[in-house]
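*Asks:* Next up is a structure, given as structure tokens.
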Amino acid sequence: MIVEKINYQGWANCYRLSNGVVDLIVTTDVGPRIIRFGFVGEENEFKEYADQLGKTGGDTWRIYGGHRLWHAPERMPRTYAPDNAPVAFEQLDDGARIVQPTEATTGIAKEIAIYLAPDAARVRVIHRLTNRNLWAVKFAPWALTVMAPGGKAIIPLPPRGSHPKDLPPTSRLVLWAYTDLADARWTLGSRYVMLHQDAAMPTPQKIGASAPDGWCACVCNGHLFVKRFAYDANAIYPDLGCCVETFANDTMLELETLGPLTCLAPGEAVEHVETWHLFREVQMPITDADVEHRILPIIGRIRHQGSV
């Protein structure tokens, strides 16, 4: 693995991590953020907000782009604690760790550890939240990835059944007050929910789900980005039971995973792990059949690589 300090998009103190197949860039002037991920020498799979790149300081939260760590459920102003200040960078034998000072407004400390596979387009991302308050706090780790424009999110539903054989409910599909299922960006199939980002449609859309299969994905510009994660059927998840959420507006699409709600005593921490995979030459799906034909075989192969 190569680790080098670079100036990226106006931030003087960034670090590039590469295994020769994919590379990531983390910021340390602000964060913790992974601002870039992609094949070496190719486009960023993540969205970057050009008018915010290189900025630091201030008490207003900025999206910046890239990948970030929050704590759920979403609340104003707690969730939007600014991450505009420097973070610590620590190189590890096979990765790196970026650590944010404790948030002054929440008493929660954030850190992200990154481990690259030796020679594959695969990254293990460990999100860690620590309660630095003098009292217990209940929240869930929440990993949000701002994908480049033009992509389509894919959320798998649990296996379908039949009536009257399968009478009890088996999963959750959660809507927000602004969710409009008549919006043309949604594809509601029998096995998959898909959301397509469209620059001509500015109205935000969001949906959440319980996804026991432990994966979600985004297809954009012929590339497939997959997140794998652990799902606990006995745990209580935020947002009425969501472990996966996706959001889109006219600038980007977010692919989000969440851990279970956890009550942390002072000094305790909780971790949420994602494994990222990136593939070339994957055509954007339109129907459930497309997902089954083009994407599910890939999901099957990466499952043989072990747990997240």
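Going by the structure tokens order, chains are called A, B, ..., each with residues numbered from 1, while ligands are numbered from 1 in the order shown.
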So that each row is one residue of region 56-133 of chain A with an atom at most 12 Å from region 148-168 of chain A, can you give its shortest atom pair and the distance in Å to one decimal, using only C-alpha atoms, rows by chain and rising number, as JSON lines?

*Replies:*
{"residue": "A:Gly65", "atom": "CA", "partner": "A:Ala148", "partner_atom": "CA", "distance": 8.9}
{"residue": "A:Gly66", "atom": "CA", "partner": "A:Ala148", "partner_atom": "CA", "distance": 8.9}
{"residue": "A:His67", "atom": "CA", "partner": "A:Ala148", "partner_atom": "CA", "distance": 11.3}

*Asks:* Give me, as CSV, the closest atom pair and its distance (Å, one decimal) for every residue of region 73-153 of chain A within a cut-off of 12 Å of region 241-245 of chain A, counting only C-alpha atoms, rows sorted by chain and rising number.

*Replies:*
residue,atom,partner,partner_atom,distance
A:Pro73,CA,A:Cys242,CA,10.4
A:Ala140,CA,A:Cys243,CA,10.0
A:Pro141,CA,A:Cys243,CA,10.2
A:Trp142,CA,A:Cys243,CA,9.0
A:Ala143,CA,A:Val244,CA,9.6
A:Leu144,CA,A:Glu245,CA,9.0
A:Thr145,CA,A:Glu245,CA,10.6
A:Ala153,CA,A:Glu245,CA,9.6

*Asks:* Would you save the residues from that selection as an mmCIF file, in the first residue's frame, using N, CA and C atoms?

*Replies:*
data_model
loop_
_atom_site.group_PDB
_atom_site.id
_atom_site.type_symbol
_atom_site.label_atom_id
_atom_site.label_comp_id
_atom_site.auth_asym_id
_atom_site.auth_seq_id
_atom_site.Cartn_x
_atom_site.Cartn_y
_atom_site.Cartn_z
ATOM 1 N N PRO A 73 -30.592 9.041 15.372
ATOM 2 C CA PRO A 73 -31.417 9.597 14.292
ATOM 3 C C PRO A 73 -31.066 11.054 13.981
ATOM 4 N N ALA A 140 -27.168 5.699 16.966
ATOM 5 C CA ALA A 140 -26.707 4.646 16.063
ATOM 6 C C ALA A 140 -25.641 5.213 15.135
ATOM 7 N N PRO A 141 -24.596 4.457 14.834
ATOM 8 C CA PRO A 141 -23.629 4.912 13.824
ATOM 9 C C PRO A 141 -24.267 4.935 12.443
ATOM 10 N N TRP A 142 -23.868 5.938 11.657
ATOM 11 C CA TRP A 142 -24.533 6.200 10.382
ATOM 12 C C TRP A 142 -23.471 6.581 9.365
ATOM 13 N N ALA A 143 -23.270 5.756 8.357
ATOM 14 C CA ALA A 143 -22.238 5.963 7.342
ATOM 15 C C ALA A 143 -22.888 6.425 6.045
ATOM 16 N N LEU A 144 -22.531 7.628 5.603
ATOM 17 C CA LEU A 144 -23.175 8.244 4.440
ATOM 18 C C LEU A 144 -22.151 8.489 3.342
ATOM 19 N N THR A 145 -22.460 7.999 2.151
ATOM 20 C CA THR A 145 -21.587 8.176 1.003
ATOM 21 C C THR A 145 -22.317 8.991 -0.058
ATOM 22 N N ALA A 153 -29.239 4.019 -7.112
ATOM 23 C CA ALA A 153 -29.094 3.200 -5.918
ATOM 24 C C ALA A 153 -29.964 1.964 -6.026
#

*Asks:* Show which residues sit within 10 Å of Leu188 (chain A), as a PyMOL selection string. Count only C-alpha atoms, and ignore same-chain residues fewer than 6 positions away.

*Replies:* chain A and resi 181+194-195+287-288

*Asks:* Between A:Ala269, A:Val137, A:Ala120, A:Ile35, which has the minimum distance to Tyr49 (chain A) (counting only C-alpha atoms)?

*Replies:*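 The closest residue to Tyr49 (chain A) is A:Ile35.
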
*Asks:* When you count only C-alpha atoms, which of these residues is closest to Ala81 (chain A): A:Val26, A:Ala104, A:Cys263, A:Ala96?

*Replies:* A:Ala104

*Asks:* Which of region 53-300 of chain A end up as strand (DSSP E) when DSSP is run on this backbone - answer as a PDB file with C-alpha atoms, in the first residue's frame?

*Replies:*
ATOM      1  CA  GLY A  66     -17.302  12.176  -0.254  1.00  0.00           C
ATOM      2  CA  HIS A  67     -17.940   9.823   2.659  1.00  0.00           C
ATOM      3  CA  ARG A  68     -18.708  10.906   6.222  1.00  0.00           C
ATOM      4  CA  LEU A  69     -19.754   9.541   9.612  1.00  0.00           C
ATOM      5  CA  TRP A  70     -22.825  10.762  11.511  1.00  0.00           C
ATOM      6  CA  HIS A  71     -24.890   9.513  14.438  1.00  0.00           C
ATOM      7  CA  ALA A  72     -28.596   8.744  13.975  1.00  0.00           C
ATOM      8  CA  ALA A  88      -5.491  13.497  13.307  1.00  0.00           C
ATOM      9  CA  PHE A  89      -4.057  11.041  10.769  1.00  0.00           C
ATOM     10  CA  GLU A  90      -2.404   7.777  11.811  1.00  0.00           C
ATOM     11  CA  GLN A  91      -0.831   5.396   9.327  1.00  0.00           C
ATOM     12  CA  LEU A  92      -1.394   1.708  10.042  1.00  0.00           C
ATOM     13  CA  GLY A  95      -4.387   1.236   6.217  1.00  0.00           C
ATOM     14  CA  ALA A  96      -4.917   4.449   8.117  1.00  0.00           C
ATOM     15  CA  ARG A  97      -7.065   6.006  10.806  1.00  0.00           C
ATOM     16  CA  ILE A  98      -8.499   9.535  10.919  1.00  0.00           C
ATOM     17  CA  VAL A  99      -9.675  10.793  14.292  1.00  0.00           C
ATOM     18  CA  ILE A 108     -19.229  12.392  20.710  1.00  0.00           C
ATOM     19  CA  ALA A 109     -15.873  11.601  19.089  1.00  0.00           C
ATOM     20  CA  LYS A 110     -15.716  10.221  15.534  1.00  0.00           C
ATOM     21  CA  GLU A 111     -13.037   8.180  13.830  1.00  0.00           C
ATOM     22  CA  ILE A 112     -12.763   6.209  10.599  1.00  0.00           C
ATOM     23  CA  ALA A 113     -10.257   3.421   9.985  1.00  0.00           C
ATOM     24  CA  ILE A 114      -9.524   2.362   6.403  1.00  0.00           C
ATOM     25  CA  TYR A 115      -7.998  -0.950   5.296  1.00  0.00           C
ATOM     26  CA  LEU A 116      -7.225  -1.609   1.623  1.00  0.00           C
ATOM     27  CA  ARG A 122     -11.936  -3.649  -1.961  1.00  0.00           C
ATOM     28  CA  VAL A 123     -11.788  -1.486   1.163  1.00  0.00           C
ATOM     29  CA  ARG A 124     -12.855  -2.201   4.744  1.00  0.00           C
ATOM     30  CA  VAL A 125     -14.091   0.949   6.494  1.00  0.00           C
ATOM     31  CA  ILE A 126     -14.571   0.858  10.267  1.00  0.00           C
ATOM     32  CA  HIS A 127     -16.622   3.722  11.726  1.00  0.00           C
ATOM     33  CA  ARG A 128     -16.227   4.314  15.447  1.00  0.00           C
ATOM     34  CA  LEU A 129     -18.225   6.627  17.737  1.00  0.00           C
ATOM     35  CA  THR A 130     -17.181   7.210  21.359  1.00  0.00           C
ATOM     36  CA  ASN A 131     -19.318   8.822  24.050  1.00  0.00           C
ATOM     37  CA  VAL A 137     -26.194   8.644  25.200  1.00  0.00           C
ATOM     38  CA  LYS A 138     -28.315   6.568  22.825  1.00  0.00           C
ATOM     39  CA  PHE A 139     -27.660   6.735  19.090  1.00  0.00           C
ATOM     40  CA  ALA A 140     -26.707   4.646  16.063  1.00  0.00           C
ATOM     41  CA  PRO A 141     -23.629   4.912  13.824  1.00  0.00           C
ATOM     42  CA  TRP A 142     -24.533   6.200  10.382  1.00  0.00           C
ATOM     43  CA  ALA A 143     -22.238   5.963   7.342  1.00  0.00           C
ATOM     44  CA  LEU A 144     -23.175   8.244   4.440  1.00  0.00           C
ATOM     45  CA  THR A 145     -21.587   8.176   1.003  1.00  0.00           C
ATOM     46  CA  VAL A 146     -22.292  11.032  -1.412  1.00  0.00           C
ATOM     47  CA  MET A 147     -22.154   9.408  -4.829  1.00  0.00           C
ATOM     48  CA  LYS A 152     -28.847   4.665  -9.428  1.00  0.00           C
ATOM     49  CA  ALA A 153     -29.094   3.200  -5.918  1.00  0.00           C
ATOM     50  CA  ILE A 154     -30.207  -0.401  -5.446  1.00  0.00           C
ATOM     51  CA  ILE A 155     -31.672  -1.736  -2.195  1.00  0.00           C
ATOM     52  CA  PRO A 156     -32.561  -5.448  -2.015  1.00  0.00           C
ATOM     53  CA  LEU A 173     -39.969   0.101   3.818  1.00  0.00           C
ATOM     54  CA  VAL A 174     -39.816   3.532   5.454  1.00  0.00           C
ATOM     55  CA  LEU A 175     -40.973   6.822   3.900  1.00  0.00           C
ATOM     56  CA  TRP A 186     -38.223   5.548  -8.149  1.00  0.00           C
ATOM     57  CA  THR A 187     -38.376   1.979  -9.425  1.00  0.00           C
ATOM     58  CA  LEU A 188     -40.346  -0.209  -7.024  1.00  0.00           C
ATOM     59  CA  TYR A 192     -35.499  -4.378  -5.389  1.00  0.00           C
ATOM     60  CA  VAL A 193     -36.073  -0.690  -4.748  1.00  0.00           C
ATOM     61  CA  MET A 194     -34.081   1.648  -6.983  1.00  0.00           C
ATOM     62  CA  LEU A 195     -33.586   5.433  -6.944  1.00  0.00           C
ATOM     63  CA  HIS A 196     -32.094   7.233  -9.962  1.00  0.00           C
ATOM     64  CA  GLN A 205     -36.437  11.941  -2.295  1.00  0.00           C
ATOM     65  CA  LYS A 206     -35.573   9.424   0.415  1.00  0.00           C
ATOM     66  CA  ILE A 207     -36.470   5.915   1.424  1.00  0.00           C
ATOM     67  CA  GLY A 208     -35.221   3.509   4.076  1.00  0.00           C
ATOM     68  CA  ALA A 209     -35.453  -0.243   4.513  1.00  0.00           C
ATOM     69  CA  TRP A 215     -25.690  -5.095   0.920  1.00  0.00           C
ATOM     70  CA  CYS A 216     -26.701  -2.083  -1.131  1.00  0.00           C
ATOM     71  CA  ALA A 217     -25.210  -0.686  -4.322  1.00  0.00           C
ATOM     72  CA  CYS A 218     -24.960   2.155  -6.811  1.00  0.00           C
ATOM     73  CA  VAL A 219     -24.378   1.958 -10.557  1.00  0.00           C
ATOM     74  CA  CYS A 220     -22.937   5.033 -12.267  1.00  0.00           C
ATOM     75  CA  HIS A 223     -19.153   1.195 -12.547  1.00  0.00           C
ATOM     76  CA  LEU A 224     -20.792  -0.756  -9.732  1.00  0.00           C
ATOM     77  CA  PHE A 225     -20.110   0.366  -6.143  1.00  0.00           C
ATOM     78  CA  VAL A 226     -21.233  -2.127  -3.487  1.00  0.00           C
ATOM     79  CA  LYS A 227     -21.425  -1.670   0.275  1.00  0.00           C
ATOM     80  CA  ARG A 228     -21.579  -4.763   2.462  1.00  0.00           C
ATOM     81  CA  PHE A 229     -22.471  -4.607   6.144  1.00  0.00           C
ATOM     82  CA  VAL A 244     -30.135   1.119   4.665  1.00  0.00           C
ATOM     83  CA  GLU A 245     -31.284   4.480   3.315  1.00  0.00           C
ATOM     84  CA  THR A 246     -30.911   6.346   0.048  1.00  0.00           C
ATOM     85  CA  PHE A 247     -31.440  10.042  -0.708  1.00  0.00           C
ATOM     86  CA  ALA A 248     -31.319  12.023  -3.936  1.00  0.00           C
ATOM     87  CA  LEU A 253     -27.301  10.560  -4.566  1.00  0.00           C
ATOM     88  CA  GLU A 254     -26.492   9.261  -1.091  1.00  0.00           C
ATOM     89  CA  LEU A 255     -26.003   5.603  -0.210  1.00  0.00           C
ATOM     90  CA  GLU A 256     -26.293   5.190   3.560  1.00  0.00           C
ATOM     91  CA  THR A 257     -26.035   2.328   6.053  1.00  0.00           C
ATOM     92  CA  LEU A 258     -26.813   2.392   9.765  1.00  0.00           C
ATOM     93  CA  THR A 262     -26.977   1.604  21.140  1.00  0.00           C
ATOM     94  CA  CYS A 263     -26.962   3.168  24.607  1.00  0.00           C
ATOM     95  CA  LEU A 264     -23.355   4.042  25.392  1.00  0.00           C
ATOM     96  CA  ALA A 269     -17.688   3.194  21.881  1.00  0.00           C
ATOM     97  CA  VAL A 270     -19.626   1.526  19.086  1.00  0.00           C
ATOM     98  CA  GLU A 271     -18.350   0.431  15.672  1.00  0.00           C
ATOM     99  CA  HIS A 272     -20.067   0.053  12.315  1.00  0.00           C
ATOM    100  CA  VAL A 273     -18.231  -1.711   9.483  1.00  0.00           C
ATOM    101  CA  GLU A 274     -18.714  -1.368   5.737  1.00  0.00           C
ATOM    102  CA  THR A 275     -16.792  -3.235   3.050  1.00  0.00           C
ATOM    103  CA  TRP A 276     -16.625  -1.410  -0.278  1.00  0.00           C
ATOM    104  CA  HIS A 277     -16.251  -3.158  -3.642  1.00  0.00           C
ATOM    105  CA  LEU A 278     -15.874  -1.515  -7.048  1.00  0.00           C
ATOM    106  CA  PHE A 279     -16.420  -3.150 -10.450  1.00  0.00           C
TER     107      PHE A 279
END

*Asks:* For Val3 (chain A), please output as a list in words all residues within 7 Å (counting only C-alpha atoms; exclusion window: fewer than 3 positions along the same chain).

*Replies:* Tyr15, Arg16, Leu17 and Ser18 of chain A
